[in-house]
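Okay, structure first, notes after.
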Amino acid sequence: MATAERRRELLKILCRRRRESIKNLASEFGVSERTIQRDIEELSLTEPIYTQPGRYGGVYIVDGYCLDRMYMNDTEIGVLKKLYAYAENNMSLLTSNEKKILELLILQYSKPILRKGK
């Protein structure tokens, strides 16, 4: 299995299980633990995954993240947020129901953020 394919499969597993140990992942993919650690390091640059040491440690993916879900990029979300702020200041622009829809769109299509400390 090629590196890119393994990393994609690793993400799929994490999305299904939400947490897994590096040891189990290495065994499952038939590679060393160091290889999985490198995969996690590389994936964590673009995906909301992180490791946690200790007894209940392992590799985690941020709650709410789905691999195959379509997310908007920061610029697109920024435009929606500006529209929402503009609508808040100009009461007649959108109805309260339309503002709720806009708010739901922002929440639904924003990629979950990995908080510091995780």
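Labels used: A, B, ... for chains in the order of the structure tokens, numbers from 1 for residues in each chain, and numbers from 1 for ligands as shown.
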key: Surrounding residues of Ile77 in chain A excluding itself and chain neighbours under 5 positions, 9 Å, only C-alpha atoms, as a ChimeraX atom specification   = /A:72,82,105-106,109-110
task = as a ChimeraX atom specification, please: all residues of chain A that backbone DSSP puts in alpha helix (DSSP H).
result = /A:3-17,22-29,33-43,74-89,96-109
Please tabulate, as a tab-separated table, the residues of range 46-108 of chain A that come within 12 Å of range 16-37 of chain A, each with its closest pair of atoms and the distance in Å to one decimal, counting only C-alpha atoms and ordering rows by chain, then residue number upward.
residue	atom	partner	partner_atom	distance
A:Pro48	CA	A:Arg18	CA	11.3
A:Ile49	CA	A:Arg18	CA	9.5
A:Tyr50	CA	A:Arg19	CA	9.7
A:Thr51	CA	A:Ile22	CA	9.1
A:Gln52	CA	A:Ser21	CA	9.7
A:Pro53	CA	A:Ser21	CA	10.1
A:Gly54	CA	A:Ser21	CA	10.9
A:Arg55	CA	A:Ser21	CA	10.6
A:Tyr56	CA	A:Ser21	CA	9.1
A:Gly57	CA	A:Ser21	CA	7.2
A:Gly58	CA	A:Ser21	CA	4.4
A:Val59	CA	A:Glu20	CA	5.3
A:Tyr60	CA	A:Arg19	CA	4.5
A:Ile61	CA	A:Arg18	CA	5.5
A:Val62	CA	A:Arg18	CA	7.8
A:Asp63	CA	A:Arg18	CA	7.6
A:Gly64	CA	A:Arg18	CA	9.7
A:Tyr65	CA	A:Arg18	CA	9.3
A:Cys66	CA	A:Arg16	CA	8.8
A:Leu67	CA	A:Arg16	CA	9.5
A:Asp68	CA	A:Arg16	CA	11.6
Take the residues from that selection and write them out as an mmCIF file, in the first residue's frame, keeping C-alpha atoms.
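Resulting contents of part-v6.cif:
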data_model
loop_
_atom_site.group_PDB
_atom_site.id
_atom_site.type_symbol
_atom_site.label_atom_id
_atom_site.label_comp_id
_atom_site.auth_asym_id
_atom_site.auth_seq_id
_atom_site.Cartn_x
_atom_site.Cartn_y
_atom_site.Cartn_z
ATOM 1 C CA PRO A 48 -7.914 17.801 12.811
ATOM 2 C CA ILE A 49 -6.153 14.832 14.376
ATOM 3 C CA TYR A 50 -3.920 14.746 17.422
ATOM 4 C CA THR A 51 -2.151 12.358 19.760
ATOM 5 C CA GLN A 52 -2.503 12.149 23.492
ATOM 6 C CA PRO A 53 0.012 10.367 25.728
ATOM 7 C CA GLY A 54 -0.750 8.330 28.794
ATOM 8 C CA ARG A 55 -2.862 5.398 29.850
ATOM 9 C CA TYR A 56 -5.847 6.451 27.721
ATOM 10 C CA GLY A 57 -3.695 7.993 25.030
ATOM 11 C CA GLY A 58 -3.626 7.318 21.349
ATOM 12 C CA VAL A 59 -4.546 9.030 18.125
ATOM 13 C CA TYR A 60 -7.765 11.045 18.114
ATOM 14 C CA ILE A 61 -9.822 12.938 15.564
ATOM 15 C CA VAL A 62 -11.744 16.052 16.597
ATOM 16 C CA ASP A 63 -15.404 15.463 17.482
ATOM 17 C CA GLY A 64 -17.729 16.318 14.650
ATOM 18 C CA TYR A 65 -15.185 15.882 11.857
ATOM 19 C CA CYS A 66 -16.195 13.691 8.923
ATOM 20 C CA LEU A 67 -13.764 12.831 6.160
ATOM 21 C CA ASP A 68 -16.204 12.839 3.249
#
query = Which of chain A counts as strand (DSSP E or B) under DSSP, as number ranges by chain please?
reply = A: 19-20, 49-52, 58-61
ask   = Just how far from CA of Leu43 in chain A is CA of Ala4 in chain A, in Å to one decimal?
value = 10.1 Å
For Lys81 in chain A, work out the shell of residues within 12 Å, counting only C-alpha atoms and skipping chain neighbours fewer than 2 positions away, then give it as a short mmCIF file (atom, residue, chain, number, x, y, z; two decimals) with N, CA and C atoms, in the first residue's frame.
data_model
loop_
_atom_site.label_atom_id
_atom_site.label_comp_id
_atom_site.auth_asym_id
_atom_site.auth_seq_id
_atom_site.Cartn_x
_atom_site.Cartn_y
_atom_site.Cartn_z
N ASP A 74 -11.68 28.86 4.60
CA ASP A 74 -11.74 30.02 5.50
C ASP A 74 -12.30 31.26 4.80
N THR A 75 -11.96 31.46 3.54
CA THR A 75 -12.45 32.62 2.80
C THR A 75 -13.96 32.55 2.61
N GLU A 76 -14.46 31.39 2.24
CA GLU A 76 -15.90 31.22 2.04
C GLU A 76 -16.68 31.42 3.34
N ILE A 77 -16.17 30.84 4.42
CA ILE A 77 -16.82 31.02 5.72
C ILE A 77 -16.76 32.49 6.13
N GLY A 78 -15.63 33.14 5.84
CA GLY A 78 -15.49 34.57 6.14
C GLY A 78 -16.54 35.42 5.45
N VAL A 79 -16.85 35.10 4.22
CA VAL A 79 -17.88 35.84 3.48
C VAL A 79 -19.24 35.65 4.15
N LEU A 83 -21.57 38.58 5.91
CA LEU A 83 -22.98 38.76 5.57
C LEU A 83 -23.84 38.69 6.83
N TYR A 84 -23.54 37.76 7.70
CA TYR A 84 -24.29 37.63 8.95
C TYR A 84 -24.13 38.89 9.80
N ALA A 85 -22.90 39.38 9.93
CA ALA A 85 -22.66 40.59 10.72
C ALA A 85 -23.37 41.80 10.09
N TYR A 86 -23.34 41.88 8.78
CA TYR A 86 -24.02 42.97 8.09
C TYR A 86 -25.53 42.89 8.33
N ALA A 87 -26.06 41.68 8.29
CA ALA A 87 -27.50 41.49 8.53
C ALA A 87 -27.87 41.84 9.97
N GLU A 88 -26.97 41.58 10.90
CA GLU A 88 -27.22 41.94 12.31
C GLU A 88 -27.34 43.45 12.47
N LYS A 99 -31.59 34.64 9.03
CA LYS A 99 -30.34 34.74 9.79
C LYS A 99 -30.01 33.41 10.47
N LEU A 102 -28.57 31.16 7.87
CA LEU A 102 -27.18 31.56 7.59
C LEU A 102 -26.25 31.08 8.70
N GLU A 103 -26.68 31.21 9.93
CA GLU A 103 -25.89 30.75 11.06
C GLU A 103 -25.68 29.23 11.01
N LEU A 104 -26.73 28.49 10.65
CA LEU A 104 -26.61 27.04 10.53
C LEU A 104 -25.65 26.66 9.41
N LEU A 105 -25.68 27.39 8.30
CA LEU A 105 -24.75 27.13 7.20
C LEU A 105 -23.30 27.31 7.66
N ILE A 106 -23.08 28.37 8.41
CA ILE A 106 -21.73 28.64 8.93
C ILE A 106 -21.28 27.49 9.83
N LEU A 107 -22.14 27.05 10.73
CA LEU A 107 -21.79 25.96 11.64
C LEU A 107 -21.62 24.63 10.91
N TYR A 109 -20.83 24.00 7.74
CA TYR A 109 -19.78 23.89 6.74
C TYR A 109 -18.42 24.41 7.19
N SER A 110 -18.31 24.73 8.48
CA SER A 110 -17.01 25.11 9.05
C SER A 110 -16.29 23.84 9.50
#
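Across the structure, CA of Ile101 in chain A and CA of Tyr71 in chain A are spaced 16.5 Å apart.
Across A:Met70, A:Ala2, A:Leu93, A:Arg7, the tightest approach to Arg38 in chain A is made by A:Arg7 when counting only C-alpha atoms.
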